[in-house]
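Colleague: There's a structure below that I have some questions on.
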Amino acid sequence: AALNTQLQAKDSEITTLKADKVKLEAEVDKLKQSSSTSGDISSKDLTALEDTLNDDRDFYRYTSDFGTLTFDIEVDEYRGDIEIDMYIDSKLDADALDALKDDYRDFDDFIEEIAEEAVRTFKNSDITINVYNGTARSNPSSIVEYEYDGRLRDSIQDAR
């Protein structure tokens with residue numbers, strides 16, 4: 001009778017361990033799937049995006065009634081999100097900045113296309129785009145910061 005009781009206890013323990021194993025395996029599979037779809041960010045992918053943005057005229061050049069702006073674009077990652085810094089090659093004066101703000105619909109569309117290009121590579125990342133007046137080495141001033149999470153937030157129109 002004592003052996004039979006011990007056997008039942010061991011059978012119950014085995015059943016519990018098997019159920020725990022199934023739960024853990026399911027959790028591991030879920031984590032693996034999440035990891036593979038989370039858009040792990042590699043420096044190679046960041047560099048490739050930066051090269052694309054700096055090599056394609058649709059991304060590094062903006063043309064409007066007041067002229068053409070060219071940008072030097074840098075791409076980085078911060079806590080799983082993508083940060084794109086855009087530096088205007090030639091510093092804009094107050095009149096040119098006002099003209100850019102007046103052209104906000106087209107400029108915001110231009111920025112949104114850049115964000116959409118970034119999302120093609122980094123599907124599950126939010127995108128931040130900072131536009132600076134001046135080159136990276138010239139202590140540029142920030143013009144505007146955009147957030148993109150499937151929808152563009154902020155506008156050049158609201159820039160300070």
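Ligands are numbered from 1 in the order shown, residues from 1 within each chain, and chains are lettered A, B, ... in the order they appear in the structure tokens.
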Pull the strand (DSSP E or B) assignments for region 23-145 of chain A out of DSSP run on the backbone, and list those residues as a ChimeraX atom specification.
Modeller: /A:61-64,67-78,81-88,127-133,141-145
Colleague: Would you put the residues from that selection into a file with C-alpha atoms, as a compact mmCIF listing (two decimals), in the first residue's frame?
Modeller:
# COMPACT_ATOMS: atom_id res chain seq x y z
CA ARG A 61 17.37 66.99 -51.34
CA TYR A 62 14.31 69.14 -50.80
CA THR A 63 13.27 71.63 -53.49
CA SER A 64 10.71 74.36 -53.03
CA GLY A 67 15.30 77.03 -53.41
CA THR A 68 16.89 73.65 -52.87
CA LEU A 69 18.06 72.35 -49.50
CA THR A 70 20.53 69.50 -49.25
CA PHE A 71 20.97 67.48 -46.09
CA ASP A 72 23.70 65.39 -44.55
CA ILE A 73 21.85 62.56 -42.83
CA GLU A 74 23.02 60.46 -39.88
CA VAL A 75 21.17 57.39 -38.59
CA ASP A 76 21.47 55.90 -35.10
CA GLU A 77 19.54 53.70 -32.70
CA TYR A 78 18.42 54.46 -29.17
CA ASP A 81 14.02 53.29 -31.84
CA ILE A 82 15.64 54.83 -34.89
CA GLU A 83 16.98 58.39 -34.75
CA ILE A 84 17.62 60.25 -37.96
CA ASP A 85 19.51 63.54 -37.75
CA MET A 86 19.28 65.78 -40.81
CA TYR A 87 21.76 68.63 -41.10
CA ILE A 88 21.12 71.41 -43.63
CA ILE A 127 11.29 56.85 -35.81
CA THR A 128 12.55 60.22 -34.58
CA ILE A 129 13.74 62.72 -37.16
CA ASN A 130 15.63 65.81 -36.02
CA VAL A 131 16.21 68.64 -38.49
CA TYR A 132 19.13 70.96 -37.72
CA ASN A 133 20.08 74.31 -39.19
CA SER A 141 20.55 74.72 -33.95
CA SER A 142 17.56 72.41 -33.84
CA ILE A 143 14.70 73.43 -36.10
CA VAL A 144 12.15 70.68 -35.47
CA GLU A 145 11.83 67.13 -34.11
Colleague: Write out as a PyMOL selection string the set of residues from region 18-130 of chain A that DSSP, computed on the backbone, places in alpha helix (DSSP H).
Modeller: chain A and resi 18-37+43-55+57-60+94-102+104-121
Colleague: When you draw a straight line from CA of Leu31 (chain A) to CA of Ser12 (chain A), how long is it in Å?
Modeller: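 Distance between the two atoms: 28.8 Å.
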Colleague: Within 8 Å of Leu53 (chain A), counting only C-alpha atoms, which residues show up once you throw out same-chain ones fewer than 5 positions away? Write them as an MDAnalysis selection string, please.
Modeller: chainID A and resid 59:60 73 114
Colleague: Store the residues picked out above in a file with N, CA and C atoms, as a JSON list (two decimals), in the first residue's frame.
Modeller:
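Saved file selection16.json follows:
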[["chain", "number", "residue", "atom", "x", "y", "z"],
["A", 59, "PHE", "N", 15.70, 61.73, -50.88],
["A", 59, "PHE", "CA", 15.81, 61.81, -49.43],
["A", 59, "PHE", "C", 16.74, 62.92, -48.95],
["A", 60, "TYR", "N", 17.81, 63.19, -49.65],
["A", 60, "TYR", "CA", 18.76, 64.19, -49.15],
["A", 60, "TYR", "C", 18.55, 65.57, -49.75],
["A", 73, "ILE", "N", 22.73, 63.34, -43.69],
["A", 73, "ILE", "CA", 21.85, 62.56, -42.83],
["A", 73, "ILE", "C", 22.65, 61.52, -42.06],
["A", 114, "ILE", "N", 10.87, 59.93, -45.67],
["A", 114, "ILE", "CA", 12.10, 59.45, -45.04],
["A", 114, "ILE", "C", 11.77, 58.48, -43.92]]
Colleague: Which residue is closest to Phe107 (chain A)? Choose from A:Ala94, A:Ile156, A:Ala136, A:Ala19 and count only C-alpha atoms.
Modeller: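 Going through A:Ala94, A:Ile156, A:Ala136, A:Ala19 one by one, the smallest distance to Phe107 (chain A) is for A:Ile156.
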Colleague: Contacts of Tyr104 (chain A) at 8 Å or less, counting only C-alpha atoms, minus same-chain residues fewer than 3 places along, as a PyMOL selection string?
Modeller: chain A and resi 100-101+107-108+155-157
Colleague: Would you save the residues from that selection as a PDB file, in the first residue's frame, using N, CA, C and O atoms?
Modeller:
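File again21.pdb, as written:
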ATOM      1  N   LEU A 100      10.326  78.050 -45.290  1.00  0.00           N
ATOM      2  CA  LEU A 100      10.220  76.605 -45.074  1.00  0.00           C
ATOM      3  C   LEU A 100       8.984  76.287 -44.243  1.00  0.00           C
ATOM      4  O   LEU A 100       8.245  75.341 -44.534  1.00  0.00           O
ATOM      5  N   LYS A 101       8.721  77.088 -43.229  1.00  0.00           N
ATOM      6  CA  LYS A 101       7.527  76.889 -42.399  1.00  0.00           C
ATOM      7  C   LYS A 101       6.249  77.125 -43.209  1.00  0.00           C
ATOM      8  O   LYS A 101       5.254  76.430 -43.019  1.00  0.00           O
ATOM      9  N   PHE A 107       7.001  69.997 -46.988  1.00  0.00           N
ATOM     10  CA  PHE A 107       8.177  69.592 -46.214  1.00  0.00           C
ATOM     11  C   PHE A 107       7.831  68.438 -45.277  1.00  0.00           C
ATOM     12  O   PHE A 107       8.603  67.487 -45.147  1.00  0.00           O
ATOM     13  N   ASP A 108       6.677  68.500 -44.635  1.00  0.00           N
ATOM     14  CA  ASP A 108       6.258  67.401 -43.760  1.00  0.00           C
ATOM     15  C   ASP A 108       6.087  66.106 -44.558  1.00  0.00           C
ATOM     16  O   ASP A 108       6.445  65.023 -44.077  1.00  0.00           O
ATOM     17  N   SER A 155       5.185  69.150 -36.842  1.00  0.00           N
ATOM     18  CA  SER A 155       5.238  69.784 -38.156  1.00  0.00           C
ATOM     19  C   SER A 155       6.278  70.902 -38.119  1.00  0.00           C
ATOM     20  O   SER A 155       6.510  71.509 -37.075  1.00  0.00           O
ATOM     21  N   ILE A 156       6.883  71.171 -39.250  1.00  0.00           N
ATOM     22  CA  ILE A 156       7.818  72.287 -39.360  1.00  0.00           C
ATOM     23  C   ILE A 156       7.083  73.596 -39.058  1.00  0.00           C
ATOM     24  O   ILE A 156       7.668  74.545 -38.559  1.00  0.00           O
ATOM     25  N   GLN A 157       5.789  73.607 -39.318  1.00  0.00           N
ATOM     26  CA  GLN A 157       4.970  74.788 -39.081  1.00  0.00           C
ATOM     27  C   GLN A 157       5.018  75.191 -37.594  1.00  0.00           C
ATOM     28  O   GLN A 157       4.964  76.364 -37.260  1.00  0.00           O
TER      29      GLN A 157
END
Colleague: Given the choices A:Asp126, A:Glu112, A:Asp89, A:Asp20, which gets closest to Leu152 (chain A) if the distance is worked out from only C-alpha atoms?
Modeller: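 Closest to Leu152 (chain A) of all the choices is A:Glu112.
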Colleague: Have a look at A:Leu92, A:Leu24, A:Thr15, A:Asp55 and name the one nearest to Thr135 (chain A); count only C-alpha atoms.
Modeller: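 Going through A:Leu92, A:Leu24, A:Thr15, A:Asp55 one by one, the smallest distance to Thr135 (chain A) is for A:Leu92.
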Colleague: Measuring between only C-alpha atoms, which one of A:Asp51, A:Glu147, A:Glu113, A:Asp98 shows the shortest distance to Ala159 (chain A)?
Modeller: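 Of the candidates, the smallest distance to Ala159 (chain A) is held by A:Asp98.
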Colleague: My list of candidates is A:Asp65, A:Glu13, A:Asp58, A:Glu116. Which is closest to Ala99 (chain A) when distances are computed with only C-alpha atoms?
Modeller: A:Asp65
